Every structure is written in C-alpha cells, then in structure tokens.
$ cat data09.cif   # mmCIF, C-alpha atoms
data_data
loop_
_atom_site.label_atom_id
_atom_site.label_comp_id
_atom_site.auth_asym_id
_atom_site.auth_seq_id
_atom_site.Cartn_x
_atom_site.Cartn_y
_atom_site.Cartn_z
CA MET L 1462 0.00 0.00 0.00
CA ARG L 1463 1.30 3.46 -0.93
CA ARG L 1464 2.41 5.56 2.03
CA LEU L 1465 0.59 8.83 2.63
CA ARG L 1466 2.94 11.77 2.15
CA ILE L 1467 2.55 14.44 4.86
CA LEU L 1468 3.77 18.02 5.21
CA LEU L 1469 3.88 19.47 8.74
CA ALA L 1470 3.30 23.20 9.17
CA ASP L 1471 3.83 24.63 12.65
CA ASP L 1472 6.03 27.48 13.87
CA HIS L 1473 7.14 25.54 16.97
CA THR L 1474 10.10 23.24 16.32
CA VAL L 1475 9.29 21.06 19.33
CA MET L 1476 5.75 20.54 18.07
CA ARG L 1477 6.93 19.58 14.57
CA THR L 1478 9.54 17.21 15.97
CA GLY L 1479 6.97 15.53 18.20
CA LEU L 1480 4.45 15.21 15.37
CA ARG L 1481 7.07 13.76 13.02
CA ALA L 1482 8.17 11.16 15.60
CA PHE L 1483 4.55 10.25 16.34
CA LEU L 1484 3.45 9.94 12.71
CA GLU L 1485 6.51 8.05 11.49
CA ARG L 1486 5.74 5.26 13.94
CA HIS L 1487 2.99 4.35 11.47
CA ARG L 1488 4.31 2.46 8.45
CA ASN L 1489 1.75 3.88 6.04
CA LEU L 1490 2.67 7.51 6.86
CA GLU L 1491 5.70 9.47 5.63
CA VAL L 1492 6.58 13.04 6.66
CA VAL L 1493 8.10 14.59 3.53
CA GLY L 1494 8.66 18.12 4.80
CA GLU L 1495 8.28 20.70 7.54
CA ALA L 1496 7.26 24.35 7.32
CA GLN L 1497 7.69 26.90 10.09
CA ASN L 1498 5.35 29.55 8.69
CA GLY L 1499 2.36 29.85 6.40
CA ARG L 1500 4.25 31.09 3.34
CA GLU L 1501 6.71 28.22 3.59
CA ALA L 1502 3.79 25.79 3.90
CA VAL L 1503 2.33 27.07 0.60
CA SER L 1504 5.72 26.95 -1.13
CA LEU L 1505 6.61 23.45 0.09
CA SER L 1506 3.15 22.16 -0.75
CA ALA L 1507 3.61 23.31 -4.34
CA SER L 1508 7.04 21.67 -4.66
CA LEU L 1509 6.54 18.49 -2.62
CA LEU L 1510 2.89 17.80 -3.55
CA PRO L 1511 2.02 16.05 -0.27
CA ASP L 1512 -1.19 14.10 0.11
CA ILE L 1513 -1.94 15.84 3.39
CA VAL L 1514 -0.84 19.01 5.15
CA VAL L 1515 -1.12 19.11 8.94
CA MET L 1516 -1.51 22.85 9.53
CA ASP L 1517 -1.35 25.01 12.64
CA VAL L 1518 -3.79 27.94 12.64
CA ALA L 1519 -1.57 30.56 14.28
CA MET L 1520 1.65 30.97 12.30
CA PRO L 1521 3.82 33.93 11.31
CA LEU L 1522 3.91 35.55 7.83
CA LEU L 1523 0.67 33.80 6.79
CA ASN L 1524 -1.82 32.22 9.16
CA GLY L 1525 -3.03 28.67 8.71
CA VAL L 1526 -6.42 29.64 7.30
CA GLU L 1527 -4.95 31.86 4.56
CA ALA L 1528 -2.22 29.30 3.88
CA THR L 1529 -4.89 26.63 3.45
CA LYS L 1530 -6.74 28.77 0.91
CA ALA L 1531 -3.54 29.47 -1.03
CA LEU L 1532 -2.20 25.93 -1.17
CA LEU L 1533 -5.57 24.40 -2.09
CA LYS L 1534 -5.87 26.91 -4.93
CA GLU L 1535 -2.59 25.53 -6.33
CA SER L 1536 -3.06 21.89 -5.26
CA PRO L 1537 -6.77 21.15 -4.85
CA SER L 1538 -6.13 17.42 -4.40
CA THR L 1539 -4.17 18.03 -1.20
CA ALA L 1540 -6.13 17.52 2.02
CA VAL L 1541 -5.63 19.82 5.01
CA VAL L 1542 -5.89 18.86 8.68
CA ILE L 1543 -6.01 21.88 10.98
CA LEU L 1544 -4.34 21.57 14.38
CA SER L 1545 -5.30 24.36 16.75
CA MET L 1546 -5.46 25.49 20.36
CA HIS L 1547 -8.67 27.38 19.55
CA SER L 1548 -12.17 25.91 19.84
CA ASP L 1549 -13.82 29.25 19.07
CA GLU L 1550 -16.47 28.91 16.37
CA ALA L 1551 -14.88 31.64 14.22
CA TYR L 1552 -11.61 29.69 13.83
CA VAL L 1553 -13.51 26.51 12.98
CA MET L 1554 -15.78 28.20 10.44
CA ARG L 1555 -12.91 30.06 8.74
CA SER L 1556 -10.90 26.84 8.48
CA LEU L 1557 -13.78 24.91 6.95
CA GLN L 1558 -14.57 27.74 4.54
CA ALA L 1559 -10.91 27.77 3.51
CA GLY L 1560 -11.24 24.11 2.54
CA ALA L 1561 -9.83 22.17 5.50
CA LEU L 1562 -11.43 18.75 5.96
CA ALA L 1563 -10.40 18.16 9.57
CA TYR L 1564 -10.07 20.34 12.66
CA LEU L 1565 -8.33 18.97 15.74
CA LEU L 1566 -7.58 20.59 19.08
CA LYS L 1567 -3.91 20.25 20.01
CA ASP L 1568 -4.62 19.21 23.58
CA SER L 1569 -6.67 16.22 22.45
CA ALA L 1570 -5.07 15.31 19.11
CA GLY L 1571 -3.11 12.15 20.01
CA PRO L 1572 -4.51 9.09 18.22
CA ASP L 1573 -7.18 11.31 16.62
CA LEU L 1574 -4.51 12.75 14.32
CA VAL L 1575 -3.91 9.42 12.61
CA LEU L 1576 -7.67 8.86 12.31
CA ALA L 1577 -8.04 12.36 10.85
CA ILE L 1578 -5.27 11.73 8.31
CA GLU L 1579 -6.86 8.45 7.25
CA ALA L 1580 -10.27 10.12 6.94
CA VAL L 1581 -9.15 13.11 4.86
CA SER L 1582 -7.10 10.84 2.59
CA GLN L 1583 -10.46 9.36 1.59
CA GLY L 1584 -12.08 12.77 1.19
CA LYS L 1585 -13.92 12.53 4.51
CA SER L 1586 -14.02 15.08 7.33
CA PHE L 1587 -12.87 14.56 10.91
CA PHE L 1588 -13.18 16.66 14.08
CA SER L 1589 -12.08 16.51 17.70
CA PRO L 1590 -14.99 15.52 20.00
CA ALA L 1591 -15.34 19.09 21.31
CA ILE L 1592 -15.48 20.45 17.76
CA ARG L 1593 -18.06 17.81 16.75
CA ARG L 1594 -20.24 18.94 19.65
CA LEU L 1595 -19.79 22.57 18.61
CA LEU L 1596 -20.75 21.86 14.99
CA ALA L 1597 -23.82 19.94 16.16
CA GLU L 1598 -25.25 22.96 17.97
CA ASP L 1599 -28.18 24.73 16.37
CA HIS L 1600 -26.53 28.14 16.23
CA ILE L 1601 -23.56 26.72 14.30
CA ARG L 1602 -25.91 25.17 11.76
CA VAL L 1603 -27.43 28.62 11.31
CA LEU L 1604 -23.95 30.09 10.79
CA ARG L 1605 -23.21 27.55 8.07
CA GLN L 1606 -26.57 28.13 6.38
CA LYS L 1607 -26.07 31.89 6.39
CA GLY L 1608 -22.43 31.65 5.35
CA VAL L 1609 -21.07 33.72 8.23
CA GLU L 1610 -18.05 32.93 10.38
CA ASP L 1611 -19.11 34.20 13.77
CA SER L 1612 -22.40 34.05 15.68
CA TYR L 1613 -21.89 37.72 16.60
CA GLU L 1614 -22.74 38.52 12.97
CA LEU L 1615 -26.22 37.06 13.54
CA LEU L 1616 -27.07 39.76 16.08
CA THR L 1617 -28.89 42.94 15.12
CA MET L 1618 -27.38 46.30 16.10
CA ARG L 1619 -29.89 46.58 18.97
CA GLU L 1620 -29.01 43.09 20.20
CA ARG L 1621 -25.31 43.99 20.13
CA GLU L 1622 -25.99 47.09 22.23
CA ILE L 1623 -27.97 45.06 24.75
CA LEU L 1624 -25.37 42.28 24.81
CA GLN L 1625 -22.66 44.76 25.78
CA LEU L 1626 -24.76 46.44 28.46
CA ILE L 1627 -25.80 43.11 30.00
CA ALA L 1628 -22.22 41.87 29.90
CA GLU L 1629 -21.15 45.05 31.70
CA GLY L 1630 -23.45 44.05 34.54
CA LYS L 1631 -26.45 46.28 33.83
CA THR L 1632 -29.88 45.07 34.99
CA ASN L 1633 -32.81 44.85 32.59
CA LYS L 1634 -34.18 48.06 34.09
CA GLU L 1635 -30.87 49.88 33.64
CA VAL L 1636 -30.58 48.67 30.05
CA ALA L 1637 -34.16 49.76 29.39
CA THR L 1638 -33.44 53.23 30.77
CA ALA L 1639 -30.21 53.59 28.78
CA LEU L 1640 -31.87 52.61 25.51
CA ASN L 1641 -35.28 54.15 26.20
CA ILE L 1642 -37.14 50.86 25.80
CA SER L 1643 -39.22 48.75 28.19
CA PRO L 1644 -37.73 46.11 30.52
CA TYR L 1645 -39.99 43.56 28.79
CA THR L 1646 -38.38 44.40 25.44
CA VAL L 1647 -34.94 44.01 27.01
CA GLU L 1648 -35.89 40.57 28.33
CA THR L 1649 -37.17 39.55 24.89
CA HIS L 1650 -33.91 40.68 23.29
CA ARG L 1651 -31.91 38.87 25.98
CA GLY L 1652 -33.68 35.61 25.10
CA ASN L 1653 -33.05 36.15 21.39
CA ILE L 1654 -29.37 36.88 22.04
CA LEU L 1655 -28.88 33.71 24.09
CA GLY L 1656 -30.63 31.66 21.40
CA LYS L 1657 -28.60 33.05 18.51
CA LEU L 1658 -25.31 32.61 20.37
CA GLY L 1659 -26.12 29.15 21.68
CA LEU L 1660 -25.70 30.31 25.28
CA HIS L 1661 -27.74 29.22 28.29
CA SER L 1662 -27.04 31.60 31.17
CA PRO L 1663 -25.94 35.16 32.03
CA VAL L 1664 -22.53 33.79 33.08
CA GLU L 1665 -22.00 32.20 29.65
CA LEU L 1666 -23.03 35.48 28.06
CA VAL L 1667 -20.41 37.41 30.04
CA LEU L 1668 -17.71 34.85 29.18
CA TYR L 1669 -18.69 35.10 25.51
CA ALA L 1670 -18.39 38.90 25.64
CA VAL L 1671 -14.92 38.64 27.20
CA ARG L 1672 -13.79 36.07 24.64
CA LYS L 1673 -14.94 38.26 21.78
CA GLY L 1674 -13.31 41.37 23.23
CA ILE L 1675 -16.68 43.12 23.70
CA ILE L 1676 -15.77 43.79 27.33
CA HIS L 1677 -12.42 43.45 29.10
#

$ encode --input "data09.cif" --output "structure tokens"
Amino acid sequence: MRRLRILLADDHTVMRTGLRAFLERHRNLEVVGEAQNGREAVSLSASLLPDIVVMDVAMPLLNGVEATKALLKESPSTAVVILSMHSDEAYVMRSLQAGALAYLLKDSAGPDLVLAIEAVSQGKSFFSPAIRRLLAEDHIRVLRQKGVEDSYELLTMREREILQLIAEGKTNKEVATALNISPYTVETHRGNILGKLGLHSPVELVLYAVRKGIIH
C-alpha cells in the first residue's frame, strides 16, 4: 500500500519534531517536509505535492487559514488537517470555509490525528470531539446556512448594544433606561441573544463577551 505523504506546518520546532516522531511510527505515513510559517507551507506544498498538510492555525507571515486557501488553490487534491489550540467557532468556520477537511484541538489530538489523516485521505471530514459537539449545535448550523463565520454577525445592532450592556453588569431596568425601551423588550432581546449565540445563562453570556473582546 502506498504511504501517505505528509507536510507538517507549525512554527514551533518542538511541536513539529513531536508530530514527526509520532506519525513516522505508522508504516503507512511518511513526513516529507516541515514548514515553520504559512508562506513556507504554501511553497513546500507546491514543490513536494504532499497528500496531506497538517496545519497550525496561528503561524507567522501567513496564518493557517490563509495558507490553506492558497495551497488548495494551487493543489486542490491536497487535504488539510487543521491543528489548533482554539475551539472558538470563528476559527472553525474560517478553516472549513478555507477548505480544510479536519479540525483537531492540540490538547486532544493524540490518536485522533492518525484517524483524521486516514479520513481526509479518503475525502472525509474529521473533528475533535469538542469540535463535533460545537458543529452539532443549532446556532452553528445557522452560521453555516447563512455563510457567516461568527455568531456575533447574527445579532442585530440593537441586540449587540444590549449584549454589551448586559455583559457590563447592567440590569434589565438599567438597560431599558439607557436605551429608552421597556424592561420587557430588554428581556425579549436577551432571550433572542442567548438563542442566537447558543448560550444558556448570564454567566455564559459574560464569558462570551470577554472572549470576543466586547468587554475586558
């Protein structure tokens, strides 16, 4: 059986070394090159023509999402497996829209990486368990249907105003006074915001606002 040819793209030497050692324990896998930034990943992909690129999201010169777009434009038969520390929906959506078939979290990759490589080599997708759960949520399905990257884009301007005020600790009454609307309207908007963002409590809403840089 032909060995699958793999290019590793990660700006951390220790990570690349560990991945190479792990993958080369499998007889059907061969690491044919290593890239330490996104531009090098695109260049090496064009010259080496690997079957699969294992790509970090956060890299210098060109991030993993843009590198994925560029290399797939030149080599559409190459499959990309994204390795990331980020489980935020925006990173996942951008990676999938760029053409990646698999998205794995670094802290849970392990044996999943080999399974992901085998899956994408057959044109199938593969995701870490946490990413599978994320993609199964209703609000992510809405994102994919609407073609947007981030659930924040689903909110109206009024909902964004209310989200920020609630996240800053304002009560419904205080929000109503600030925006010259009724507390009942604020509560209705609050429910809509939680639904669109896939959140279930005020605490989750505040954490979401912090993660998105809406509040600090």

$ resolve_selection --input "data09.cif" --expression "the PyMOL selection byres ((chain L and resi 1647) around 10)" --output "ChimeraX atom specification"
/L:1619-1620,1623-1624,1627,1632-1637,1640,1642-1646,1648-1653

$ resolve_selection --input "data09.cif" --expression "the PyMOL selection byres ((chain L and resi 1576-1584) around 8)" --output "short mmCIF file (atom, residue, chain, number, x, y, z; two decimals) with C-alpha atoms, keeping the file's coordinate frame"
data_model
loop_
_atom_site.label_atom_id
_atom_site.label_comp_id
_atom_site.auth_asym_id
_atom_site.auth_seq_id
_atom_site.Cartn_x
_atom_site.Cartn_y
_atom_site.Cartn_z
CA LEU L 1465 0.59 8.83 2.63
CA ASP L 1512 -1.19 14.10 0.11
CA ILE L 1513 -1.94 15.84 3.39
CA ALA L 1540 -6.13 17.52 2.02
CA VAL L 1541 -5.63 19.82 5.01
CA VAL L 1542 -5.89 18.86 8.68
CA LEU L 1562 -11.43 18.75 5.96
CA ALA L 1563 -10.40 18.16 9.57
CA PRO L 1572 -4.51 9.09 18.22
CA ASP L 1573 -7.18 11.31 16.62
CA LEU L 1574 -4.51 12.75 14.32
CA VAL L 1575 -3.91 9.42 12.61
CA LYS L 1585 -13.92 12.53 4.51
CA SER L 1586 -14.02 15.08 7.33
CA PHE L 1587 -12.87 14.56 10.91
CA PHE L 1588 -13.18 16.66 14.08
#

$ atom_distance --input "data09.cif" --atom1 "CA of Leu1626 in chain L" --atom2 "CA of Pro1663 in chain L"
11.9 Å

$ closest_residue --input "data09.cif" --among "L:Asn1524, L:Ser1504, L:Ala1639, L:Arg1594" --to "Ser1548 in chain L" --atoms "all atoms listed in the file"
L:Arg1594

$ resolve_selection --input "data09.cif" --expression "the PyMOL selection byres ((chain L and resi 1549) around 10)" --output "count of residues only"
14

$ closest_residue --input "data09.cif" --among "L:Leu1616, L:Ile1676, L:Ala1502, L:Ala1559" --to "Pro1521 in chain L" --atoms "all atoms listed in the file"
L:Ala1502

$ residues_around --input "data09.cif" --residues "range 1488-1492 of chain L" --least-positions-apart "3" --cutoff "10 Å" --atoms "only C-alpha atoms" --output "NGL selection string"
:L and (1462-1469 or 1480-1482 or 1484-1485 or 1495 or 1511-1514 or 1575 or 1578-1579)

$ write_last_selection --input "data09.cif" --atoms "C-alpha atoms" --output "PDB file, in the coordinates of the input"
ATOM      1  CA  MET L1462       0.000   0.000   0.000  1.00  0.00           C
ATOM      2  CA  ARG L1463       1.300   3.460  -0.930  1.00  0.00           C
ATOM      3  CA  ARG L1464       2.410   5.560   2.030  1.00  0.00           C
ATOM      4  CA  LEU L1465       0.590   8.830   2.630  1.00  0.00           C
ATOM      5  CA  ARG L1466       2.940  11.770   2.150  1.00  0.00           C
ATOM      6  CA  ILE L1467       2.550  14.440   4.860  1.00  0.00           C
ATOM      7  CA  LEU L1468       3.770  18.020   5.210  1.00  0.00           C
ATOM      8  CA  LEU L1469       3.880  19.470   8.740  1.00  0.00           C
ATOM      9  CA  LEU L1480       4.450  15.210  15.370  1.00  0.00           C
ATOM     10  CA  ARG L1481       7.070  13.760  13.020  1.00  0.00           C
ATOM     11  CA  ALA L1482       8.170  11.160  15.600  1.00  0.00           C
ATOM     12  CA  LEU L1484       3.450   9.940  12.710  1.00  0.00           C
ATOM     13  CA  GLU L1485       6.510   8.050  11.490  1.00  0.00           C
ATOM     14  CA  GLU L1495       8.280  20.700   7.540  1.00  0.00           C
ATOM     15  CA  PRO L1511       2.020  16.050  -0.270  1.00  0.00           C
ATOM     16  CA  ASP L1512      -1.190  14.100   0.110  1.00  0.00           C
ATOM     17  CA  ILE L1513      -1.940  15.840   3.390  1.00  0.00           C
ATOM     18  CA  VAL L1514      -0.840  19.010   5.150  1.00  0.00           C
ATOM     19  CA  VAL L1575      -3.910   9.420  12.610  1.00  0.00           C
ATOM     20  CA  ILE L1578      -5.270  11.730   8.310  1.00  0.00           C
ATOM     21  CA  GLU L1579      -6.860   8.450   7.250  1.00  0.00           C
TER      22      GLU L1579
END

$ closest_residue --input "data09.cif" --among "L:Arg1477, L:Arg1555, L:Lys1534, L:His1661" --to "Val1518 in chain L" --atoms "all atoms listed in the file"
L:Arg1555

$ closest_residue --input "data09.cif" --among "L:Val1515, L:Val1667, L:Ser1589, L:Ala1470" --to "Gly1630 in chain L" --atoms "all atoms listed in the file"
L:Val1667

$ atom_distance --input "data09.cif" --atom1 "CA of Gly1499 in chain L" --atom2 "CA of Asp1472 in chain L"
8.7 Å

$ atom_distance --input "data09.cif" --atom1 "CA of His1487 in chain L" --atom2 "CA of Ser1508 in chain L"
24.0 Å

$ residues_around --input "data09.cif" --residues "range 1505-1507 of chain L" --least-positions-apart "5" --cutoff "7 Å" --atoms "all atoms listed in the file" --output "list in words"
Leu1532, Glu1535 and Ser1536 of chain L

$ closest_residue --input "data09.cif" --among "L:Ala1670, L:Asp1517, L:Phe1483, L:Gln1558" --to "Ile1543 in chain L" --atoms "all atoms listed in the file"
L:Asp1517
